[in-house]
Amino acid sequence: MTDTSRTNPLTQLGSIVRRAWRDFLSVYYANTPVWRWLKSGALVFLGLFLWMGGNVLLAYWTDAVAVRYALAYGFVLIAWGPLTHLLVVPVVIRLRRTAENPTVRRIVRHGSKINFATFLVIVAVVGTVAPGVMLLDFSSGFGTDGGDVTAELVCETDGDPITCELETAEGVDHVVLLAGGEEVDRSDEPPYAVSAPRDALSEGPSGSQFVIELRDSNGETLRRFVRTV
Amino acid sequence: MSAIASLFRNDYDADGFRTCSVTGLDVHRSVENYVKLFGLTAVIALAVGGSFAFSVAMTRWEFVGLLDPSGYYTHLSIHAWNLLIFWMVFMEIAVLYVGGPMVLGRKLPLRRLATVGWVTMVAGAVGVNASIWLSEAPNEAPLLTAYVPLPVSPWFYGTAIVFLLGATIAALPFFATIWSETRDSRRTLPLVAFGAFVTGIVAVEAILGGIAAFAYAFAWRVDLIAAVDPGIYRQLYWIVGHGTQQINLLAMITVWYFLTHVVGGAVVISEKISRTAFILYLFFINLGAAHHLLVDPGLSAGWRIWNTSYAFYGAAFASMIHAFAIPAGIEAGRRRRGQGGGLFGWLTSAPWRNPVFAATIFSIILFGFLGGITGVVMGQIQVNMTWHNTLATVGHFHATVALGTTLAFFGLVLFVIKTMFRRDFVSDTLASAIPYAYGAAMSVATLMLMYAGILYGVPRRTAEVVRNIPGSEFNLSAAIPIFMIFGIFALLAILSGVLFVGVSVGSLLFGDRLAAGDDGGMLPEGGLHADGGEPIHAVELRGTFALCLIFLGVFVAVYVLNWYLLTQLWAIGA
């Protein structure tokens, strides 16, 4: 007589699935203090990964609905994972043993299913509404700050003195030339030409050097150029 | 003073030996005292570096914006040198003495050299800190790398060389022990001693590279040579720059094998396989340093591809072996003792309230999932392009060093307090909280560094980029939510580090002295060597197999996501 349970792949598969499910439940209901923290921590990490990964994929696949729900799953899980394993599961286990009220007993018998269903409903709502706090912005801040400057510095460093001026400058009030931390020259009018004798320059690691600073009317540095002769 | 002197006292027999009530090892006074000395010095370096973690983190969290750029570089340099180098290397000398003479039951030979080594290392460490703190224009703070031609004080290069020479001298008694143990014997070294020996060899490679790099730069700074080649300096530097981190890796894995056995009841499922993994490290691990040079000019494509693809996987393979062997050893050991029902019963029933066990296990898990996976991903030639010089790199090495190695060394320090200083913890509850608080807080801070770097391209080493890049129309303000989370959890991690130092120092000064024979709660249920049980190869390791499948799943997901992000780079400017 043949033992079909040993040879039938479907039976074997079923056995593996049943065993995996039992193992999953044993981990889900593990209720020692350390395991509550370990499971909560692991779910926080899974949540962070899904939230961040989902956000970055959504930045490329803007119409991908499934990705939006995956990142909503991660976003809610960051809070719901610890809530489940630090509060819901311990309470459900305790009440299954101790509750005497029939209504309470009926609720806690299905406590984990109710908890998971609530979680999924929240994920569905959050995924559909997509609140701003859940969505990370990957657009650059390029051009959004009107206070910055664009400028092109042109220097003639072969002769003595060395000279510099700005070919384009917007938002600049004045320009100073510094050497060794000391101000050598200053210009307040376009094209903001400044100069310094070569022997006034300071020694840097790769030779004589000077610094050009573009400043606003309050004397704040908007942009700094370091040039080596 | 007498309180400090009492820390170095224990009850020894006439020959200076005593039997450890936890490990069962015959420990000589000389070994124990030097392990204590180097361990205490390491904790001081940790406290110094950890203090500067506060100012560094509160500057990168631009919501606070504590320091200006020049102050930031000084603080970052001191933070890096004390935590990446001094805390680690002092601990690693202690690990060598534990893995060598202590495990082998010998006296520490060449004790005067050990003293000279310690004095030289301390002089070098103080000198490096002073030279960074006192740097004045035109000199700059060196950060960790001190890349030429950055004008760095010659005192920095000089004292860094002194520190490295001191570490070499301090390692000599360990090598002398190994020599004495093996020269007339065909006996194989125990696995922990073998791991320590491979650690020592990799350390010598790293130190020689460091002395060459810093001596080259020093000669330039004192005008012995007219010019330096930055490319050559960078090649030499990364022998020590990444090499020191490989010492951390090997020392940490040696500590994993040691502590999981002693406090968790683990066995070694295959000595040959574990030793093979150590030998793979010996040949391949230092080649991983090449990923630091992947954007440097002057290196051929063949050099890059060989080092960061083919050779690199030799080291990754070794890590995979240890990643399986150590949890499998715990599972096999605990199931043999009848402490492992179900899939994870061997883990559920483990001594999680013992901070030494918890710190070691969190070190393994967090190093593997956060530091290991990201190391393989960012260490290879292609994906490295999206990680290079971003905060994601900083996140990676905080996962390996600040989480993996530091947690393992936390466990080792707490173990040494019980077994060598023979002191009870000043508070068991606070001691138990250390690995949980530090592991959780530092993990989230580390993840945020990675996300800021890989998702937003936020650069490393800069004091101010997110809210404002001076003189630029560009900013990375979209990453502000990430930095808000980072800042809060960085603070929590620093507070957890303060808790570790407080509990350690408090236990040494105010902890009750343990009675002779008291194991201090360090031993697993059933003692160090449980009787009976199945042969190791008959034990089912399905829990470890399940963990490895989870690890593989995360690895694949992170790998695929990173490759996808890389392919999207070509969209820039399109």
# chains A, B, ... in the order shown; residues from 1 in each chain; ligands from 1
call {"tool": "closest_atom_pairs", "arguments": {"of": "chain B", "to": "chain A", "cutoff": "8 Å", "atoms": "only C-alpha atoms", "output": "CSV"}}
result
residue,atom,partner,partner_atom,distance
B:Pro138,CA,A:Gly204,CA,7.5
B:Pro149,CA,A:Pro205,CA,6.3
B:Leu150,CA,A:Pro205,CA,7.0
B:Pro151,CA,A:Pro205,CA,6.2
B:Gly342,CA,A:Asp23,CA,6.8
B:Leu343,CA,A:Asp23,CA,5.9
B:Phe344,CA,A:Val27,CA,7.5
B:Thr348,CA,A:Trp35,CA,7.0
B:Trp352,CA,A:Val34,CA,6.5
B:Arg353,CA,A:Val34,CA,7.9
B:Ala440,CA,A:Gly41,CA,7.3
B:Tyr451,CA,A:Met52,CA,7.5
B:Leu455,CA,A:Val56,CA,7.0
B:Tyr456,CA,A:Phe138,CA,7.1
B:Pro470,CA,A:Leu222,CA,6.1
B:Gly471,CA,A:Arg223,CA,4.2
B:Ser472,CA,A:Asp148,CA,5.8
B:Glu473,CA,A:Asp148,CA,5.4
B:Phe474,CA,A:Phe142,CA,4.5
B:Asn475,CA,A:Gly141,CA,5.0
B:Leu476,CA,A:Gly141,CA,6.1
B:Ser477,CA,A:Gly141,CA,6.6
B:Ala478,CA,A:Asp137,CA,5.5
B:Ala479,CA,A:Asp137,CA,7.7
B:Leu561,CA,A:Gly53,CA,7.7
call {"tool": "residues_around", "arguments": {"residues": "Ala179 of chain A", "least_positions_apart": "5", "cutoff": "8 Å", "atoms": "only C-alpha atoms", "output": "PDB file with C-alpha atoms, in the first residue's frame"}}
result
ATOM      1  CA  VAL A 184      42.029  94.508   0.104  1.00  0.00           C
ATOM      2  CA  ALA A 200      49.210  91.336  -1.081  1.00  0.00           C
ATOM      3  CA  LEU A 201      47.842  87.822  -1.735  1.00  0.00           C
ATOM      4  CA  SER A 202      47.997  85.130   0.942  1.00  0.00           C
ATOM      5  CA  GLN A 209      45.213  82.843  -3.351  1.00  0.00           C
ATOM      6  CA  PHE A 210      42.510  85.430  -2.824  1.00  0.00           C
ATOM      7  CA  VAL A 211      38.802  85.423  -2.083  1.00  0.00           C
TER       8      VAL A 211
END
call {"tool": "residues_around", "arguments": {"residues": "segment 79-86 of chain A", "least_positions_apart": "3", "cutoff": "6 Å", "atoms": "only C-alpha atoms", "output": "VMD selection string"}}
result
chain A and resid 36 40 43 76 89
call {"tool": "residues_around", "arguments": {"residues": "Val35 of chain B", "least_positions_apart": "5", "cutoff": "8 Å", "atoms": "only C-alpha atoms", "output": "VMD selection string"}}
result
chain B and resid 93 to 95 97 to 98
call {"tool": "residues_around", "arguments": {"residues": "Met134 of chain A", "least_positions_apart": "4", "cutoff": "12 Å", "atoms": "only C-alpha atoms", "output": "PyMOL selection string"}}
result
(chain A and resi 47-48+50-52+54-55+58+68-76+78+123+126-130) or (chain B and resi 481-482)
call {"tool": "write_last_selection", "arguments": {"atoms": "N, CA and C atoms", "output": "CSV table (one decimal), in the first residue's frame"}}
result
chain,number,residue,atom,x,y,z
A,47,GLY,N,7.3,49.3,8.1
A,47,GLY,CA,6.5,50.5,7.8
A,47,GLY,C,7.3,51.6,7.2
A,48,LEU,N,8.5,51.9,7.8
A,48,LEU,CA,9.3,53.0,7.3
A,48,LEU,C,9.8,52.6,5.8
A,50,LEU,N,8.4,50.6,3.6
A,50,LEU,CA,7.3,50.7,2.6
A,50,LEU,C,6.9,52.2,2.4
A,51,TRP,N,6.9,53.0,3.4
A,51,TRP,CA,6.5,54.4,3.3
A,51,TRP,C,7.5,55.2,2.4
A,52,MET,N,8.8,55.0,2.7
A,52,MET,CA,9.9,55.7,1.9
A,52,MET,C,10.0,55.1,0.5
A,54,GLY,N,7.7,53.4,-1.2
A,54,GLY,CA,6.5,53.8,-1.9
A,54,GLY,C,6.5,55.2,-2.4
A,55,ASN,N,7.0,56.1,-1.6
A,55,ASN,CA,7.0,57.5,-1.9
A,55,ASN,C,8.0,57.7,-3.1
A,58,LEU,N,6.4,56.3,-6.2
A,58,LEU,CA,5.3,57.2,-6.6
A,58,LEU,C,5.8,58.4,-7.4
A,68,ARG,N,0.5,53.7,-4.2
A,68,ARG,CA,0.0,54.6,-3.2
A,68,ARG,C,-0.6,53.9,-2.0
A,69,TYR,N,-1.3,52.7,-2.3
A,69,TYR,CA,-1.9,52.0,-1.2
A,69,TYR,C,-0.7,51.2,-0.4
A,70,ALA,N,0.3,50.8,-1.1
A,70,ALA,CA,1.4,50.2,-0.4
A,70,ALA,C,2.1,51.1,0.5
A,71,LEU,N,2.3,52.4,0.1
A,71,LEU,CA,2.9,53.4,1.0
A,71,LEU,C,2.0,53.8,2.1
A,72,ALA,N,0.7,53.8,1.8
A,72,ALA,CA,-0.3,54.0,2.9
A,72,ALA,C,-0.2,52.9,3.9
A,73,TYR,N,-0.1,51.7,3.5
A,73,TYR,CA,0.1,50.5,4.4
A,73,TYR,C,1.3,50.7,5.3
A,74,GLY,N,2.4,51.1,4.7
A,74,GLY,CA,3.6,51.4,5.5
A,74,GLY,C,3.4,52.5,6.5
A,75,PHE,N,2.8,53.6,6.0
A,75,PHE,CA,2.7,54.8,6.8
A,75,PHE,C,1.8,54.5,8.0
A,76,VAL,N,0.7,53.7,7.8
A,76,VAL,CA,-0.2,53.4,9.0
A,76,VAL,C,0.5,52.4,9.9
A,78,ILE,N,3.5,52.1,10.8
A,78,ILE,CA,4.5,52.7,11.7
A,78,ILE,C,3.9,52.9,13.1
A,123,VAL,N,-6.0,51.9,6.2
A,123,VAL,CA,-5.1,51.9,5.1
A,123,VAL,C,-5.9,52.3,3.8
A,126,VAL,N,-6.7,56.1,4.0
A,126,VAL,CA,-5.5,56.9,3.9
A,126,VAL,C,-5.0,56.8,2.5
A,127,GLY,N,-5.0,55.6,1.9
A,127,GLY,CA,-4.5,55.5,0.5
A,127,GLY,C,-5.4,56.2,-0.5
A,128,THR,N,-6.7,56.3,-0.2
A,128,THR,CA,-7.6,57.0,-1.1
A,128,THR,C,-7.5,58.5,-1.0
A,129,VAL,N,-7.4,58.9,0.3
A,129,VAL,CA,-7.4,60.4,0.6
A,129,VAL,C,-6.0,60.9,0.3
A,130,ALA,N,-5.0,60.1,0.5
A,130,ALA,CA,-3.5,60.5,0.4
A,130,ALA,C,-3.2,61.9,1.0
B,481,PRO,N,11.3,66.9,6.4
B,481,PRO,CA,10.6,65.9,7.3
B,481,PRO,C,11.5,64.8,7.7
B,482,ILE,N,12.4,64.4,6.8
B,482,ILE,CA,13.4,63.3,7.2
B,482,ILE,C,14.3,63.8,8.3
call {"tool": "residues_around", "arguments": {"residues": "segment 36-52 of chain B", "least_positions_apart": "5", "cutoff": "7 Å", "atoms": "only C-alpha atoms", "output": "list in words"}}
result
His75, Ile78, His79, Asn82, Leu83, Phe86, Trp87, Phe90, Met91, Ile93, Ala94 and Ile494 of chain B
call {"tool": "write_last_selection", "arguments": {"atoms": "C-alpha atoms", "output": "compact mmCIF listing (two decimals), in the first residue's frame"}}
result
# COMPACT_ATOMS: atom_id res chain seq x y z
CA HIS B 75 33.48 68.89 16.08
CA ILE B 78 36.77 64.91 16.95
CA HIS B 79 33.53 62.90 16.82
CA ASN B 82 37.15 59.24 18.87
CA LEU B 83 34.32 56.94 17.81
CA PHE B 86 39.92 55.41 19.42
CA TRP B 87 36.80 53.76 20.94
CA PHE B 90 41.28 50.42 22.32
CA MET B 91 38.41 47.90 22.51
CA ILE B 93 43.28 45.51 21.66
CA ALA B 94 41.18 44.28 24.62
CA ILE B 494 22.83 60.01 22.39
call {"tool": "atom_distance", "arguments": {"atom1": "atom CA of Thr429 of chain B", "atom2": "atom CA of Ser504 of chain B"}}
result
13.1 Å
call {"tool": "residues_around", "arguments": {"residues": "Ile232 of chain B", "least_positions_apart": "6", "cutoff": "10 Å", "atoms": "only C-alpha atoms", "output": "list in words"}}
result
Val148, Ala213 and Tyr216 of chain B
call {"tool": "select_by_dssp", "arguments": {"residues": "segment 132-211 of chain A", "states": "strand (DSSP E or B)", "output": "ChimeraX atom specification"}}
result
/A:151-156,162-169,174-179,182-187,194-196,202-204,207-211
call {"tool": "write_last_selection", "arguments": {"atoms": "N, CA and C atoms", "output": "mmCIF file, in the first residue's frame"}}
result
data_model
loop_
_atom_site.group_PDB
_atom_site.id
_atom_site.type_symbol
_atom_site.label_atom_id
_atom_site.label_comp_id
_atom_site.auth_asym_id
_atom_site.auth_seq_id
_atom_site.Cartn_x
_atom_site.Cartn_y
_atom_site.Cartn_z
ATOM 1 N N ALA A 151 25.866 84.818 -10.674
ATOM 2 C CA ALA A 151 26.947 85.730 -11.045
ATOM 3 C C ALA A 151 28.044 84.950 -11.735
ATOM 4 N N GLU A 152 28.694 85.593 -12.698
ATOM 5 C CA GLU A 152 29.842 84.972 -13.358
ATOM 6 C C GLU A 152 31.059 85.857 -13.128
ATOM 7 N N LEU A 153 32.052 85.297 -12.472
ATOM 8 C CA LEU A 153 33.248 86.049 -12.106
ATOM 9 C C LEU A 153 34.321 85.843 -13.167
ATOM 10 N N VAL A 154 34.876 86.924 -13.639
ATOM 11 C CA VAL A 154 35.962 86.845 -14.615
ATOM 12 C C VAL A 154 37.194 87.516 -14.013
ATOM 13 N N CYS A 155 38.328 86.790 -13.973
ATOM 14 C CA CYS A 155 39.537 87.331 -13.354
ATOM 15 C C CYS A 155 40.701 87.320 -14.337
ATOM 16 N N GLU A 156 41.538 88.299 -14.244
ATOM 17 C CA GLU A 156 42.796 88.373 -15.012
ATOM 18 C C GLU A 156 43.914 88.252 -13.980
ATOM 19 N N ILE A 162 46.357 91.737 -9.938
ATOM 20 C CA ILE A 162 45.318 90.854 -10.467
ATOM 21 C C ILE A 162 43.997 91.620 -10.401
ATOM 22 N N THR A 163 43.114 91.369 -11.382
ATOM 23 C CA THR A 163 41.833 92.089 -11.404
ATOM 24 C C THR A 163 40.679 91.112 -11.624
ATOM 25 N N CYS A 164 39.538 91.460 -11.106
ATOM 26 C CA CYS A 164 38.339 90.637 -11.304
ATOM 27 C C CYS A 164 37.126 91.541 -11.466
ATOM 28 N N GLU A 165 36.121 91.036 -12.210
ATOM 29 C CA GLU A 165 34.843 91.729 -12.276
ATOM 30 C C GLU A 165 33.738 90.723 -12.574
ATOM 31 N N LEU A 166 32.499 91.157 -12.352
ATOM 32 C CA LEU A 166 31.359 90.281 -12.599
ATOM 33 C C LEU A 166 30.763 90.598 -13.950
ATOM 34 N N GLU A 167 30.552 89.531 -14.755
ATOM 35 C CA GLU A 167 29.930 89.768 -16.060
ATOM 36 C C GLU A 167 28.422 89.843 -15.919
ATOM 37 N N THR A 168 27.861 88.992 -15.088
ATOM 38 C CA THR A 168 26.427 89.103 -14.793
ATOM 39 C C THR A 168 26.293 89.071 -13.293
ATOM 40 N N ALA A 169 25.439 89.909 -12.766
ATOM 41 C CA ALA A 169 25.241 89.918 -11.317
ATOM 42 C C ALA A 169 23.849 90.427 -11.011
ATOM 43 N N HIS A 174 27.380 94.785 -3.137
ATOM 44 C CA HIS A 174 28.782 95.154 -3.343
ATOM 45 C C HIS A 174 29.667 93.912 -3.319
ATOM 46 N N VAL A 175 30.906 94.084 -3.805
ATOM 47 C CA VAL A 175 31.866 92.977 -3.924
ATOM 48 C C VAL A 175 33.143 93.374 -3.204
ATOM 49 N N VAL A 176 33.712 92.429 -2.445
ATOM 50 C CA VAL A 176 34.995 92.707 -1.785
ATOM 51 C C VAL A 176 36.006 91.644 -2.187
ATOM 52 N N LEU A 177 37.282 92.064 -2.234
ATOM 53 C CA LEU A 177 38.388 91.140 -2.471
ATOM 54 C C LEU A 177 39.135 90.993 -1.145
ATOM 55 N N LEU A 178 39.311 89.763 -0.707
ATOM 56 C CA LEU A 178 39.973 89.485 0.567
ATOM 57 C C LEU A 178 41.243 88.690 0.325
ATOM 58 N N ALA A 179 42.265 88.943 1.126
ATOM 59 C CA ALA A 179 43.497 88.131 1.098
ATOM 60 C C ALA A 179 43.951 87.960 2.544
ATOM 61 N N GLU A 182 41.889 89.650 5.241
ATOM 62 C CA GLU A 182 41.808 91.120 5.262
ATOM 63 C C GLU A 182 41.176 91.624 3.967
ATOM 64 N N GLU A 183 40.362 92.680 4.089
ATOM 65 C CA GLU A 183 39.754 93.270 2.893
ATOM 66 C C GLU A 183 40.790 94.113 2.170
ATOM 67 N N VAL A 184 41.018 93.790 0.886
ATOM 68 C CA VAL A 184 42.029 94.508 0.104
ATOM 69 C C VAL A 184 41.373 95.551 -0.800
ATOM 70 N N ASP A 185 40.194 95.206 -1.343
ATOM 71 C CA ASP A 185 39.532 96.140 -2.257
ATOM 72 C C ASP A 185 38.026 95.916 -2.174
ATOM 73 N N ARG A 186 37.275 96.955 -2.580
ATOM 74 C CA ARG A 186 35.812 96.858 -2.536
ATOM 75 C C ARG A 186 35.241 97.640 -3.711
ATOM 76 N N SER A 187 34.116 97.128 -4.294
ATOM 77 C CA SER A 187 33.458 97.840 -5.379
ATOM 78 C C SER A 187 31.955 97.813 -5.147
ATOM 79 N N VAL A 194 37.329 94.727 -8.996
ATOM 80 C CA VAL A 194 38.218 94.833 -7.832
ATOM 81 C C VAL A 194 39.610 94.370 -8.241
ATOM 82 N N SER A 195 40.633 94.818 -7.520
ATOM 83 C CA SER A 195 41.998 94.420 -7.867
ATOM 84 C C SER A 195 42.852 94.369 -6.601
ATOM 85 N N ALA A 196 44.019 93.704 -6.749
ATOM 86 C CA ALA A 196 44.964 93.620 -5.621
ATOM 87 C C ALA A 196 46.357 93.360 -6.170
ATOM 88 N N SER A 202 47.556 86.049 -0.122
ATOM 89 C CA SER A 202 47.997 85.130 0.942
ATOM 90 C C SER A 202 48.414 83.796 0.323
ATOM 91 N N GLU A 203 49.187 83.029 1.094
ATOM 92 C CA GLU A 203 49.663 81.731 0.618
ATOM 93 C C GLU A 203 48.643 80.647 0.961
ATOM 94 N N GLY A 204 48.222 79.898 -0.047
ATOM 95 C CA GLY A 204 47.334 78.764 0.183
ATOM 96 C C GLY A 204 48.069 77.470 -0.086
ATOM 97 N N GLY A 207 49.422 77.569 -3.777
ATOM 98 C CA GLY A 207 49.988 78.811 -4.288
ATOM 99 C C GLY A 207 49.288 80.017 -3.686
ATOM 100 N N SER A 208 49.585 81.224 -4.242
ATOM 101 C CA SER A 208 48.952 82.440 -3.736
ATOM 102 C C SER A 208 47.457 82.403 -4.035
ATOM 103 N N GLN A 209 46.659 82.888 -3.114
ATOM 104 C CA GLN A 209 45.213 82.843 -3.351
ATOM 105 C C GLN A 209 44.517 84.088 -2.800
ATOM 106 N N PHE A 210 43.330 84.344 -3.332
ATOM 107 C CA PHE A 210 42.510 85.430 -2.824
ATOM 108 C C PHE A 210 41.053 84.997 -2.887
ATOM 109 N N VAL A 211 40.222 85.767 -2.188
ATOM 110 C CA VAL A 211 38.802 85.423 -2.083
ATOM 111 C C VAL A 211 37.982 86.612 -2.551
#
call {"tool": "select_by_dssp", "arguments": {"residues": "segment 334-494 of chain B", "states": "alpha helix (DSSP H)", "output": "VMD selection string"}}
result
chain B and resid 334 to 336 345 to 348 355 to 366 373 to 379 384 to 387 391 to 397 406 to 419 428 to 456 480 to 494
call {"tool": "atom_distance", "arguments": {"atom1": "atom CA of Arg275 of chain B", "atom2": "atom CA of Ile169 of chain B"}}
result
26.4 Å
